[in-house]
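Trainee: Pasting a structure below so you can have a look.
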Amino acid sequence: MRTVQGPTDHVVVVGAGLAGLCAALHLLGAGRRVTVVEREEVPGGRAGRLDLTTDSGTFRVDTGPTVLTMPDLLDEAFHAVGDSLAARLDLVRLDPAYRTTFADGSTIDVHADADAMEAEVRKVCGPEAAEGYRDLRGWLTDLYRTEIDTFIGANLDSPFSLVGPDLLRLAKLGGFGRLGPRIDRYLPDERLRRIFSFQALYAGVSPAQALGAYGVIAYMDTIAGVYFPRGGMRAVGDALAAAVVEAGGEVLTGREV
C-alpha cells in the first residue's frame, strides 16, 4: 500500500471485474466520485460469459468461475452503499457442494454441513477416516479464523504489518509447513486427501509444495459452502455494476486504458 498525494475526490478504477466493482462500491461508500473503466462490453472480468445460439435456442455459458464462495465479501461491498446481497442476487446454496469421482469408479459427495460430511466419509471410507475428518475440520476452521482478518482482509503496508500474535498462532497451527503432509496426518484415505488439498492448485501450487496456510482455501468451499447465483456467474458482475451506477458511480465499458 502507498499513500496517494494530492486530491482523491475522483477515483478511476481500471477494470470492471469483481474486485474492481467491489472497490468502486467501497469508494462510493466513503464519499468518493468513482469511474470504472472496462475494455470489454460487459462487466465481470474473469467471470466471463458466452452466449451460444443453436437450433434449440440460446445457451448462456460461464467461461470463468461457475460457482461462488464467501458471498459475505460481496455483501460487505453492497452494504457500503446501503444496498445488500439479498436484494441484488438470488443465491442457491449447493448441497452437496460437489461430487468427486475417482479412477476406481467411487464417488464422494462433499457437504459443508459437518454431520452430513462425516456420515458420507464414514460410509465411503470408514470410521477412522470419519474421525480424522472431524479433526481436520477443526484445523481448517482455526486456520481460517487466524488468517481472515489479520492476513487476508487487512491492508499490509510493510512486512512488519504481519508481525503480531496471529503470526505466532499461524506458525503453531503449521501454516508454514507443507499442506499435503499436514492433510495426510488427518486422513488415511487418498481420495479424501485429494478432496481437501487440491484447492492449492487454484493458486498454481501443488499440495505437496504449498504452505499449510493454503488450507484456508479448502475451508472456503468444504466448510463455508458453495453457492450458485441464479442466472449464472454473469449475474454477479451485472449486479455489482448496477449497484455502482445506482450509487452515483460510472461504469464505462468498451474503453481501453
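In the C-alpha cells, chains take the letters A, B, ... in the order shown, each chain's residues start at 1, and ligands count up from 1 in the order shown.
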Name the residues of region 98-139 of chain A that fall into strand (DSSP E) according to DSSP on the backbone, using the chain letters and numbers of this document, as number ranges by chain.
Mentor: A: 98-101, 107-110
Trainee: Write out as a list of chain:residue names which residues come within 8 Å of Thr146 (chain A) when counting only C-alpha atoms, dropping same-chain ones fewer than 4 positions away.
Mentor: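 In the requested format, the answer is A:Asp142, A:Thr150, A:Asp166, A:Arg169, A:Leu170.
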Trainee: From the set A:Arg194, A:Arg93, A:Arg122, A:Arg60, which residue has the shortest atom-to-atom contact distance to Gly48 (chain A), counting only C-alpha atoms?
Mentor: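 Nearest candidate to Gly48 (chain A) out of A:Arg194, A:Arg93, A:Arg122, A:Arg60: A:Arg60.
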Trainee: Write out as an MDAnalysis selection string each polymer residue whose atoms come within 7 Å of region 25-40 of chain A, counting only C-alpha atoms; drop sequence neighbours fewer than 3 positions from it.
Mentor: chainID A and resid 9:16 21:22 77:78 80:81 244 249:256
Trainee: Please produce a file of those selected residues containing all heavy atoms, as a compact mmCIF listing (two decimals), in the first residue's frame.
Mentor:
# COMPACT_ATOMS: atom_id res chain seq x y z
N ASP A 9 -10.64 12.96 -4.56
CA ASP A 9 -12.10 13.03 -4.58
C ASP A 9 -12.70 12.28 -5.76
O ASP A 9 -13.84 11.84 -5.71
CB ASP A 9 -12.57 14.49 -4.61
CG ASP A 9 -11.93 15.26 -5.76
OD1 ASP A 9 -10.70 15.25 -5.86
OD2 ASP A 9 -12.68 15.88 -6.55
N HIS A 10 -11.92 12.11 -6.85
CA HIS A 10 -12.39 11.35 -8.01
C HIS A 10 -11.41 10.23 -8.28
O HIS A 10 -10.24 10.46 -8.58
CB HIS A 10 -12.50 12.27 -9.24
CG HIS A 10 -13.07 11.57 -10.44
ND1 HIS A 10 -13.08 12.13 -11.70
CD2 HIS A 10 -13.67 10.36 -10.58
CE1 HIS A 10 -13.65 11.30 -12.57
NE2 HIS A 10 -14.00 10.20 -11.91
N VAL A 11 -11.90 8.98 -8.16
CA VAL A 11 -11.05 7.81 -8.32
C VAL A 11 -11.46 7.06 -9.58
O VAL A 11 -12.66 6.82 -9.80
CB VAL A 11 -11.15 6.87 -7.10
CG1 VAL A 11 -10.25 5.65 -7.29
CG2 VAL A 11 -10.78 7.62 -5.83
N VAL A 12 -10.47 6.69 -10.41
CA VAL A 12 -10.73 5.89 -11.59
C VAL A 12 -10.28 4.45 -11.30
O VAL A 12 -9.13 4.23 -10.93
CB VAL A 12 -9.99 6.43 -12.82
CG1 VAL A 12 -10.21 5.51 -14.02
CG2 VAL A 12 -10.47 7.85 -13.13
N VAL A 13 -11.19 3.52 -11.43
CA VAL A 13 -10.90 2.10 -11.24
C VAL A 13 -10.75 1.46 -12.62
O VAL A 13 -11.66 1.56 -13.45
CB VAL A 13 -12.02 1.39 -10.46
CG1 VAL A 13 -11.72 -0.11 -10.33
CG2 VAL A 13 -12.17 2.01 -9.07
N VAL A 14 -9.62 0.84 -12.87
CA VAL A 14 -9.37 0.21 -14.17
C VAL A 14 -9.78 -1.25 -14.09
O VAL A 14 -9.17 -2.04 -13.37
CB VAL A 14 -7.89 0.33 -14.57
CG1 VAL A 14 -7.65 -0.35 -15.91
CG2 VAL A 14 -7.48 1.80 -14.63
N GLY A 15 -10.83 -1.60 -14.81
CA GLY A 15 -11.31 -2.98 -14.84
C GLY A 15 -12.58 -3.18 -14.06
O GLY A 15 -12.63 -2.87 -12.86
N ALA A 16 -13.61 -3.70 -14.72
CA ALA A 16 -14.89 -3.96 -14.06
C ALA A 16 -15.03 -5.43 -13.73
O ALA A 16 -16.08 -6.04 -13.91
CB ALA A 16 -16.05 -3.50 -14.95
N LEU A 21 -15.18 -3.75 -9.16
CA LEU A 21 -16.52 -3.27 -8.85
C LEU A 21 -16.75 -3.19 -7.34
O LEU A 21 -17.38 -2.25 -6.85
CB LEU A 21 -17.56 -4.19 -9.49
CG LEU A 21 -17.61 -4.12 -11.03
CD1 LEU A 21 -18.46 -5.26 -11.58
CD2 LEU A 21 -18.14 -2.77 -11.51
N CYS A 22 -16.21 -4.17 -6.59
CA CYS A 22 -16.32 -4.10 -5.13
C CYS A 22 -15.54 -2.91 -4.59
O CYS A 22 -16.00 -2.21 -3.69
CB CYS A 22 -15.81 -5.40 -4.50
SG CYS A 22 -16.93 -6.80 -4.68
N ALA A 77 -19.51 -5.28 0.29
CA ALA A 77 -19.40 -4.25 -0.75
C ALA A 77 -20.76 -3.58 -1.00
O ALA A 77 -20.85 -2.35 -1.10
CB ALA A 77 -18.85 -4.85 -2.03
N PHE A 78 -21.81 -4.38 -1.09
CA PHE A 78 -23.14 -3.80 -1.29
C PHE A 78 -23.54 -2.92 -0.10
O PHE A 78 -24.10 -1.83 -0.27
CB PHE A 78 -24.18 -4.91 -1.48
CG PHE A 78 -24.15 -5.57 -2.83
CD1 PHE A 78 -23.92 -6.94 -2.95
CD2 PHE A 78 -24.37 -4.84 -3.98
CE1 PHE A 78 -23.90 -7.55 -4.19
CE2 PHE A 78 -24.35 -5.44 -5.24
CZ PHE A 78 -24.11 -6.80 -5.34
N ALA A 80 -21.74 -1.16 1.71
CA ALA A 80 -21.00 0.11 1.73
C ALA A 80 -21.82 1.25 1.14
O ALA A 80 -21.60 2.41 1.48
CB ALA A 80 -19.69 -0.04 0.96
N VAL A 81 -22.78 0.92 0.26
CA VAL A 81 -23.63 1.96 -0.34
C VAL A 81 -25.09 1.79 0.10
O VAL A 81 -26.00 2.25 -0.59
CB VAL A 81 -23.51 1.95 -1.88
CG1 VAL A 81 -22.12 2.36 -2.31
CG2 VAL A 81 -23.87 0.58 -2.45
N VAL A 244 -23.16 0.02 -8.53
CA VAL A 244 -22.24 1.15 -8.68
C VAL A 244 -22.95 2.33 -9.34
O VAL A 244 -22.86 3.48 -8.87
CB VAL A 244 -21.00 0.73 -9.51
CG1 VAL A 244 -20.18 1.96 -9.92
CG2 VAL A 244 -20.13 -0.24 -8.72
N GLY A 249 -21.99 6.17 -9.24
CA GLY A 249 -20.74 5.97 -9.96
C GLY A 249 -20.97 5.79 -11.45
O GLY A 249 -22.11 5.73 -11.93
N GLU A 250 -19.89 5.73 -12.20
CA GLU A 250 -19.94 5.50 -13.64
C GLU A 250 -19.26 4.17 -13.95
O GLU A 250 -18.23 3.84 -13.37
CB GLU A 250 -19.19 6.57 -14.42
CG GLU A 250 -19.78 7.95 -14.37
CD GLU A 250 -18.94 8.92 -15.18
OE1 GLU A 250 -17.81 9.22 -14.74
OE2 GLU A 250 -19.39 9.36 -16.25
N VAL A 251 -19.84 3.40 -14.88
CA VAL A 251 -19.19 2.20 -15.40
C VAL A 251 -19.14 2.35 -16.91
O VAL A 251 -20.17 2.32 -17.58
CB VAL A 251 -19.96 0.91 -15.02
CG1 VAL A 251 -19.27 -0.32 -15.62
CG2 VAL A 251 -20.04 0.76 -13.49
N LEU A 252 -17.94 2.58 -17.43
CA LEU A 252 -17.74 2.79 -18.86
C LEU A 252 -17.18 1.53 -19.48
O LEU A 252 -16.05 1.15 -19.18
CB LEU A 252 -16.79 3.97 -19.09
CG LEU A 252 -17.16 5.29 -18.39
CD1 LEU A 252 -16.11 6.35 -18.69
CD2 LEU A 252 -18.54 5.77 -18.83
N THR A 253 -17.94 0.88 -20.32
CA THR A 253 -17.48 -0.35 -20.96
C THR A 253 -17.01 -0.06 -22.38
O THR A 253 -17.30 0.99 -22.96
CB THR A 253 -18.61 -1.40 -20.99
OG1 THR A 253 -19.75 -0.85 -21.68
CG2 THR A 253 -19.00 -1.81 -19.57
N GLY A 254 -16.25 -1.02 -22.93
CA GLY A 254 -15.72 -0.84 -24.27
C GLY A 254 -14.69 0.27 -24.35
O GLY A 254 -14.50 0.89 -25.40
N ARG A 255 -13.97 0.51 -23.25
CA ARG A 255 -12.99 1.59 -23.19
C ARG A 255 -11.61 1.02 -22.84
O ARG A 255 -11.43 0.40 -21.81
CB ARG A 255 -13.37 2.63 -22.13
CG ARG A 255 -14.77 3.19 -22.28
CD ARG A 255 -14.92 4.09 -23.49
NE ARG A 255 -16.26 4.65 -23.58
CZ ARG A 255 -16.60 5.80 -23.03
NH1 ARG A 255 -15.71 6.55 -22.39
NH2 ARG A 255 -17.84 6.25 -23.15
N GLU A 256 -10.63 1.24 -23.68
CA GLU A 256 -9.26 0.83 -23.41
C GLU A 256 -8.57 1.85 -22.51
O GLU A 256 -8.81 3.06 -22.63
CB GLU A 256 -8.46 0.68 -24.71
CG GLU A 256 -8.85 -0.52 -25.55
CD GLU A 256 -8.10 -1.77 -25.16
OE1 GLU A 256 -7.16 -1.67 -24.36
OE2 GLU A 256 -8.46 -2.85 -25.66
Trainee: For Ile195 (chain A), which residue among A:Ile108, A:Met70, A:Val124, A:Val216 is the nearest when counting only C-alpha atoms?
Mentor: A:Ile108
Trainee: In Å, rounded to a single decimal, give me how far CA of Phe196 (chain A) is from CA of Arg137 (chain A).
Mentor: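 Interatomic distance, CA of Arg137 (chain A) to CA of Phe196 (chain A): 9.8 Å.
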Trainee: If we count only C-alpha atoms and set the cut-off at 12 Å, which residues sit around Leu74 (chain A), ignoring sequence neighbours fewer than 2 positions away in its own chain? Please answer as an MDAnalysis selection string.
Mentor: chainID A and resid 18:23 25:26 68:72 76:81 83:89 91 236:237 239:240 243
Trainee: How about saving the chosen residues, N, CA, C and O atoms kept, as a compact mmCIF listing (two decimals), in the first residue's frame?
Mentor:
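Saved result, again_17.txt, follows:
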# COMPACT_ATOMS: atom_id res chain seq x y z
N LEU A 18 -14.81 -8.41 -10.64
CA LEU A 18 -15.49 -8.41 -9.34
C LEU A 18 -14.72 -7.57 -8.32
O LEU A 18 -15.33 -6.86 -7.51
N ALA A 19 -13.38 -7.64 -8.35
CA ALA A 19 -12.59 -6.86 -7.40
C ALA A 19 -12.73 -5.36 -7.67
O ALA A 19 -12.90 -4.56 -6.74
N GLY A 20 -12.65 -4.98 -8.95
CA GLY A 20 -12.77 -3.57 -9.29
C GLY A 20 -14.12 -2.99 -8.92
O GLY A 20 -14.22 -1.87 -8.40
N LEU A 21 -15.18 -3.75 -9.16
CA LEU A 21 -16.52 -3.27 -8.85
C LEU A 21 -16.75 -3.19 -7.34
O LEU A 21 -17.38 -2.25 -6.85
N CYS A 22 -16.21 -4.17 -6.59
CA CYS A 22 -16.32 -4.10 -5.13
C CYS A 22 -15.54 -2.91 -4.59
O CYS A 22 -16.00 -2.21 -3.69
N ALA A 23 -14.36 -2.67 -5.15
CA ALA A 23 -13.58 -1.50 -4.75
C ALA A 23 -14.36 -0.22 -5.01
O ALA A 23 -14.37 0.71 -4.20
N LEU A 25 -17.59 0.20 -5.06
CA LEU A 25 -18.66 0.36 -4.08
C LEU A 25 -18.13 0.86 -2.75
O LEU A 25 -18.73 1.73 -2.11
N HIS A 26 -16.99 0.32 -2.32
CA HIS A 26 -16.40 0.80 -1.07
C HIS A 26 -15.97 2.26 -1.17
O HIS A 26 -16.14 3.04 -0.23
N LEU A 68 -19.82 -19.77 -6.60
CA LEU A 68 -19.38 -18.68 -5.74
C LEU A 68 -19.13 -19.19 -4.33
O LEU A 68 -19.92 -19.97 -3.79
N THR A 69 -18.03 -18.75 -3.73
CA THR A 69 -17.78 -18.98 -2.32
C THR A 69 -17.62 -17.63 -1.62
O THR A 69 -17.43 -16.60 -2.27
N MET A 70 -17.71 -17.63 -0.31
CA MET A 70 -17.53 -16.42 0.51
C MET A 70 -18.43 -15.26 0.06
O MET A 70 -17.98 -14.14 -0.17
N PRO A 71 -19.75 -15.48 -0.06
CA PRO A 71 -20.63 -14.39 -0.51
C PRO A 71 -20.67 -13.21 0.45
O PRO A 71 -21.07 -12.10 0.04
N ASP A 72 -20.25 -13.40 1.70
CA ASP A 72 -20.25 -12.29 2.65
C ASP A 72 -19.38 -11.14 2.18
O ASP A 72 -19.63 -9.97 2.51
N GLU A 76 -20.58 -7.23 1.97
CA GLU A 76 -19.89 -6.08 2.54
C GLU A 76 -19.80 -4.95 1.53
O GLU A 76 -19.99 -3.77 1.88
N ALA A 77 -19.51 -5.28 0.29
CA ALA A 77 -19.40 -4.25 -0.75
C ALA A 77 -20.76 -3.58 -1.00
O ALA A 77 -20.85 -2.35 -1.10
N PHE A 78 -21.81 -4.38 -1.09
CA PHE A 78 -23.14 -3.80 -1.29
C PHE A 78 -23.54 -2.92 -0.10
O PHE A 78 -24.10 -1.83 -0.27
N HIS A 79 -23.23 -3.38 1.11
CA HIS A 79 -23.60 -2.62 2.31
C HIS A 79 -22.89 -1.28 2.37
O HIS A 79 -23.38 -0.34 3.01
N ALA A 80 -21.74 -1.16 1.71
CA ALA A 80 -21.00 0.11 1.73
C ALA A 80 -21.82 1.25 1.14
O ALA A 80 -21.60 2.41 1.48
N VAL A 81 -22.78 0.92 0.26
CA VAL A 81 -23.63 1.96 -0.34
C VAL A 81 -25.09 1.79 0.10
O VAL A 81 -26.00 2.25 -0.59
N ASP A 83 -26.82 -0.97 0.25
CA ASP A 83 -27.50 -2.00 -0.53
C ASP A 83 -27.26 -3.34 0.14
O ASP A 83 -26.68 -3.42 1.22
N SER A 84 -27.69 -4.42 -0.48
CA SER A 84 -27.47 -5.73 0.12
C SER A 84 -27.38 -6.81 -0.95
O SER A 84 -27.94 -6.66 -2.04
N LEU A 85 -26.70 -7.87 -0.60
CA LEU A 85 -26.60 -9.02 -1.50
C LEU A 85 -27.96 -9.64 -1.76
O LEU A 85 -28.29 -9.99 -2.89
N ALA A 86 -28.76 -9.76 -0.71
CA ALA A 86 -30.08 -10.39 -0.84
C ALA A 86 -30.98 -9.64 -1.81
O ALA A 86 -31.80 -10.24 -2.51
N ALA A 87 -30.82 -8.32 -1.87
CA ALA A 87 -31.65 -7.52 -2.76
C ALA A 87 -31.19 -7.62 -4.21
O ALA A 87 -31.97 -7.34 -5.13
N ARG A 88 -29.94 -8.02 -4.42
CA ARG A 88 -29.36 -8.00 -5.75
C ARG A 88 -29.24 -9.37 -6.42
O ARG A 88 -29.28 -9.47 -7.63
N LEU A 89 -29.03 -10.41 -5.61
CA LEU A 89 -28.76 -11.72 -6.17
C LEU A 89 -29.58 -12.79 -5.47
O LEU A 89 -29.84 -12.71 -4.26
N LEU A 91 -29.09 -16.37 -4.48
CA LEU A 91 -28.07 -17.39 -4.34
C LEU A 91 -28.69 -18.71 -3.89
O LEU A 91 -29.50 -18.74 -2.96
N VAL A 236 -23.43 -11.87 -11.10
CA VAL A 236 -22.69 -11.18 -10.05
C VAL A 236 -22.11 -9.88 -10.58
O VAL A 236 -22.28 -8.82 -9.97
N GLY A 237 -21.43 -9.95 -11.73
CA GLY A 237 -20.88 -8.73 -12.32
C GLY A 237 -21.95 -7.73 -12.66
O GLY A 237 -21.80 -6.52 -12.43
N ALA A 239 -24.88 -7.39 -11.24
CA ALA A 239 -25.45 -6.82 -10.02
C ALA A 239 -24.53 -5.78 -9.40
O ALA A 239 -24.98 -4.71 -8.95
N LEU A 240 -23.24 -6.08 -9.36
CA LEU A 240 -22.29 -5.12 -8.81
C LEU A 240 -22.24 -3.84 -9.64
O LEU A 240 -22.23 -2.73 -9.10
N ALA A 243 -25.26 -1.73 -9.04
CA ALA A 243 -25.19 -1.06 -7.74
C ALA A 243 -24.27 0.14 -7.79
O ALA A 243 -24.55 1.18 -7.17
Trainee: When distances are computed from only C-alpha atoms, which of A:Pro181, A:Gly225, A:Pro188, A:Pro165 shows the smallest separation from Ala210 (chain A)?
Mentor: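 Nearest candidate to Ala210 (chain A) out of A:Pro181, A:Gly225, A:Pro188, A:Pro165: A:Pro181.
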Trainee: Compile the contact shell of Ala114 (chain A) as a list in words: residues with an atom at most 8 Å away, counting only C-alpha atoms, same-chain residues fewer than 3 positions apart removed.
Mentor: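 Within the cut-off, the hits are His111, Met117, Glu118, Arg134 and Ile223 of chain A.
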Trainee: Could you pull out all residues of region 23-98 of chain A with a DSSP call of helix (DSSP H, G or I) and give them as number ranges by chain?
Mentor: A: 23-29, 72-79, 85-88
Trainee: Next, dump the selected residues to file, keeping only all heavy atoms, as a tab-separated table (two decimals), in the first residue's frame.
Mentor:
chain	number	residue	atom	x	y	z
A	23	ALA	N	-14.36	-2.67	-5.15
A	23	ALA	CA	-13.58	-1.50	-4.75
A	23	ALA	C	-14.36	-0.22	-5.01
A	23	ALA	O	-14.37	0.71	-4.20
A	23	ALA	CB	-12.24	-1.47	-5.49
A	24	ALA	N	-15.03	-0.16	-6.16
A	24	ALA	CA	-15.82	1.01	-6.51
A	24	ALA	C	-16.93	1.26	-5.50
A	24	ALA	O	-17.18	2.40	-5.09
A	24	ALA	CB	-16.40	0.85	-7.91
A	25	LEU	N	-17.59	0.20	-5.06
A	25	LEU	CA	-18.66	0.36	-4.08
A	25	LEU	C	-18.13	0.86	-2.75
A	25	LEU	O	-18.73	1.73	-2.11
A	25	LEU	CB	-19.40	-0.98	-3.90
A	25	LEU	CG	-20.27	-1.41	-5.08
A	25	LEU	CD1	-20.81	-2.81	-4.86
A	25	LEU	CD2	-21.42	-0.43	-5.29
A	26	HIS	N	-16.99	0.32	-2.32
A	26	HIS	CA	-16.40	0.80	-1.07
A	26	HIS	C	-15.97	2.26	-1.17
A	26	HIS	O	-16.14	3.04	-0.23
A	26	HIS	CB	-15.21	-0.08	-0.68
A	26	HIS	CG	-15.60	-1.41	-0.11
A	26	HIS	ND1	-16.19	-1.54	1.13
A	26	HIS	CD2	-15.49	-2.67	-0.60
A	26	HIS	CE1	-16.42	-2.81	1.39
A	26	HIS	NE2	-16.01	-3.52	0.36
A	27	LEU	N	-15.44	2.64	-2.33
A	27	LEU	CA	-15.04	4.04	-2.53
A	27	LEU	C	-16.26	4.96	-2.56
A	27	LEU	O	-16.23	6.06	-1.98
A	27	LEU	CB	-14.26	4.16	-3.85
A	27	LEU	CG	-12.84	3.61	-3.82
A	27	LEU	CD1	-12.34	3.40	-5.25
A	27	LEU	CD2	-11.91	4.55	-3.06
A	28	LEU	N	-17.32	4.55	-3.21
A	28	LEU	CA	-18.55	5.35	-3.22
A	28	LEU	C	-19.10	5.49	-1.81
A	28	LEU	O	-19.56	6.58	-1.42
A	28	LEU	CB	-19.59	4.68	-4.13
A	28	LEU	CG	-19.33	4.80	-5.64
A	28	LEU	CD1	-20.19	3.79	-6.41
A	28	LEU	CD2	-19.61	6.23	-6.12
A	29	GLY	N	-19.03	4.41	-1.04
A	29	GLY	CA	-19.49	4.48	0.34
A	29	GLY	C	-18.66	5.42	1.19
A	29	GLY	O	-19.14	5.97	2.19
A	72	ASP	N	-20.25	-13.40	1.70
A	72	ASP	CA	-20.25	-12.29	2.65
A	72	ASP	C	-19.38	-11.14	2.18
A	72	ASP	O	-19.63	-9.97	2.51
A	72	ASP	CB	-19.77	-12.76	4.02
A	72	ASP	CG	-20.79	-13.65	4.72
A	72	ASP	OD1	-21.93	-13.73	4.22
A	72	ASP	OD2	-20.45	-14.24	5.76
A	73	LEU	N	-18.33	-11.45	1.40
A	73	LEU	CA	-17.46	-10.39	0.88
A	73	LEU	C	-18.22	-9.48	-0.08
A	73	LEU	O	-18.02	-8.26	-0.11
A	73	LEU	CB	-16.24	-10.99	0.20
A	73	LEU	CG	-15.31	-11.82	1.09
A	73	LEU	CD1	-14.16	-12.39	0.27
A	73	LEU	CD2	-14.79	-10.98	2.25
A	74	LEU	N	-19.11	-10.08	-0.88
A	74	LEU	CA	-19.94	-9.27	-1.77
A	74	LEU	C	-20.94	-8.45	-0.96
A	74	LEU	O	-21.20	-7.28	-1.26
A	74	LEU	CB	-20.70	-10.17	-2.75
A	74	LEU	CG	-19.88	-10.91	-3.80
A	74	LEU	CD1	-20.79	-11.79	-4.65
A	74	LEU	CD2	-19.13	-9.93	-4.69
A	75	ASP	N	-21.48	-9.07	0.07
A	75	ASP	CA	-22.47	-8.37	0.90
A	75	ASP	C	-21.84	-7.13	1.55
A	75	ASP	O	-22.48	-6.07	1.64
A	75	ASP	CB	-23.01	-9.31	1.97
A	75	ASP	CG	-24.38	-8.89	2.48
A	75	ASP	OD1	-25.14	-8.26	1.71
A	75	ASP	OD2	-24.71	-9.20	3.64
A	76	GLU	N	-20.58	-7.23	1.97
A	76	GLU	CA	-19.89	-6.08	2.54
A	76	GLU	C	-19.80	-4.95	1.53
A	76	GLU	O	-19.99	-3.77	1.88
A	76	GLU	CB	-18.47	-6.48	2.98
A	76	GLU	CG	-18.42	-7.36	4.21
A	76	GLU	CD	-16.99	-7.76	4.54
A	76	GLU	OE1	-16.05	-7.20	3.92
A	76	GLU	OE2	-16.81	-8.62	5.42
A	77	ALA	N	-19.51	-5.28	0.29
A	77	ALA	CA	-19.40	-4.25	-0.75
A	77	ALA	C	-20.76	-3.58	-1.00
A	77	ALA	O	-20.85	-2.35	-1.10
A	77	ALA	CB	-18.85	-4.85	-2.03
A	78	PHE	N	-21.81	-4.38	-1.09
A	78	PHE	CA	-23.14	-3.80	-1.29
A	78	PHE	C	-23.54	-2.92	-0.10
A	78	PHE	O	-24.10	-1.83	-0.27
A	78	PHE	CB	-24.18	-4.91	-1.48
A	78	PHE	CG	-24.15	-5.57	-2.83
A	78	PHE	CD1	-23.92	-6.94	-2.95
A	78	PHE	CD2	-24.37	-4.84	-3.98
A	78	PHE	CE1	-23.90	-7.55	-4.19
A	78	PHE	CE2	-24.35	-5.44	-5.24
A	78	PHE	CZ	-24.11	-6.80	-5.34
A	79	HIS	N	-23.23	-3.38	1.11
A	79	HIS	CA	-23.60	-2.62	2.31
A	79	HIS	C	-22.89	-1.28	2.37
A	79	HIS	O	-23.38	-0.34	3.01
A	79	HIS	CB	-23.29	-3.44	3.56
A	79	HIS	CG	-24.42	-4.32	4.00
A	79	HIS	ND1	-25.60	-3.83	4.51
A	79	HIS	CD2	-24.57	-5.67	3.98
A	79	HIS	CE1	-26.42	-4.81	4.81
A	79	HIS	NE2	-25.83	-5.95	4.48
A	85	LEU	N	-26.70	-7.87	-0.60
A	85	LEU	CA	-26.60	-9.02	-1.50
A	85	LEU	C	-27.96	-9.64	-1.76
A	85	LEU	O	-28.29	-9.99	-2.89
A	85	LEU	CB	-25.66	-10.06	-0.87
A	85	LEU	CG	-25.48	-11.37	-1.63
A	85	LEU	CD1	-24.72	-11.15	-2.92
A	85	LEU	CD2	-24.73	-12.39	-0.76
A	86	ALA	N	-28.76	-9.76	-0.71
A	86	ALA	CA	-30.08	-10.39	-0.84
A	86	ALA	C	-30.98	-9.64	-1.81
A	86	ALA	O	-31.80	-10.24	-2.51
A	86	ALA	CB	-30.75	-10.49	0.53
A	87	ALA	N	-30.82	-8.32	-1.87
A	87	ALA	CA	-31.65	-7.52	-2.76
A	87	ALA	C	-31.19	-7.62	-4.21
A	87	ALA	O	-31.97	-7.34	-5.13
A	87	ALA	CB	-31.64	-6.06	-2.31
A	88	ARG	N	-29.94	-8.02	-4.42
A	88	ARG	CA	-29.36	-8.00	-5.75
A	88	ARG	C	-29.24	-9.37	-6.42
A	88	ARG	O	-29.28	-9.47	-7.63
A	88	ARG	CB	-27.96	-7.37	-5.69
A	88	ARG	CG	-27.95	-5.89	-5.36
A	88	ARG	CD	-28.42	-5.07	-6.54
A	88	ARG	NE	-28.43	-3.64	-6.25
A	88	ARG	CZ	-28.72	-2.71	-7.15
A	88	ARG	NH1	-29.00	-3.05	-8.39
A	88	ARG	NH2	-28.73	-1.44	-6.82
Trainee: Between A:Gly180, A:Pro159, A:Leu192, A:Ala224, which is the closest to Ser206 (chain A) once you count only C-alpha atoms?
Mentor: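 Closest to Ser206 (chain A) of all the choices is A:Gly180.
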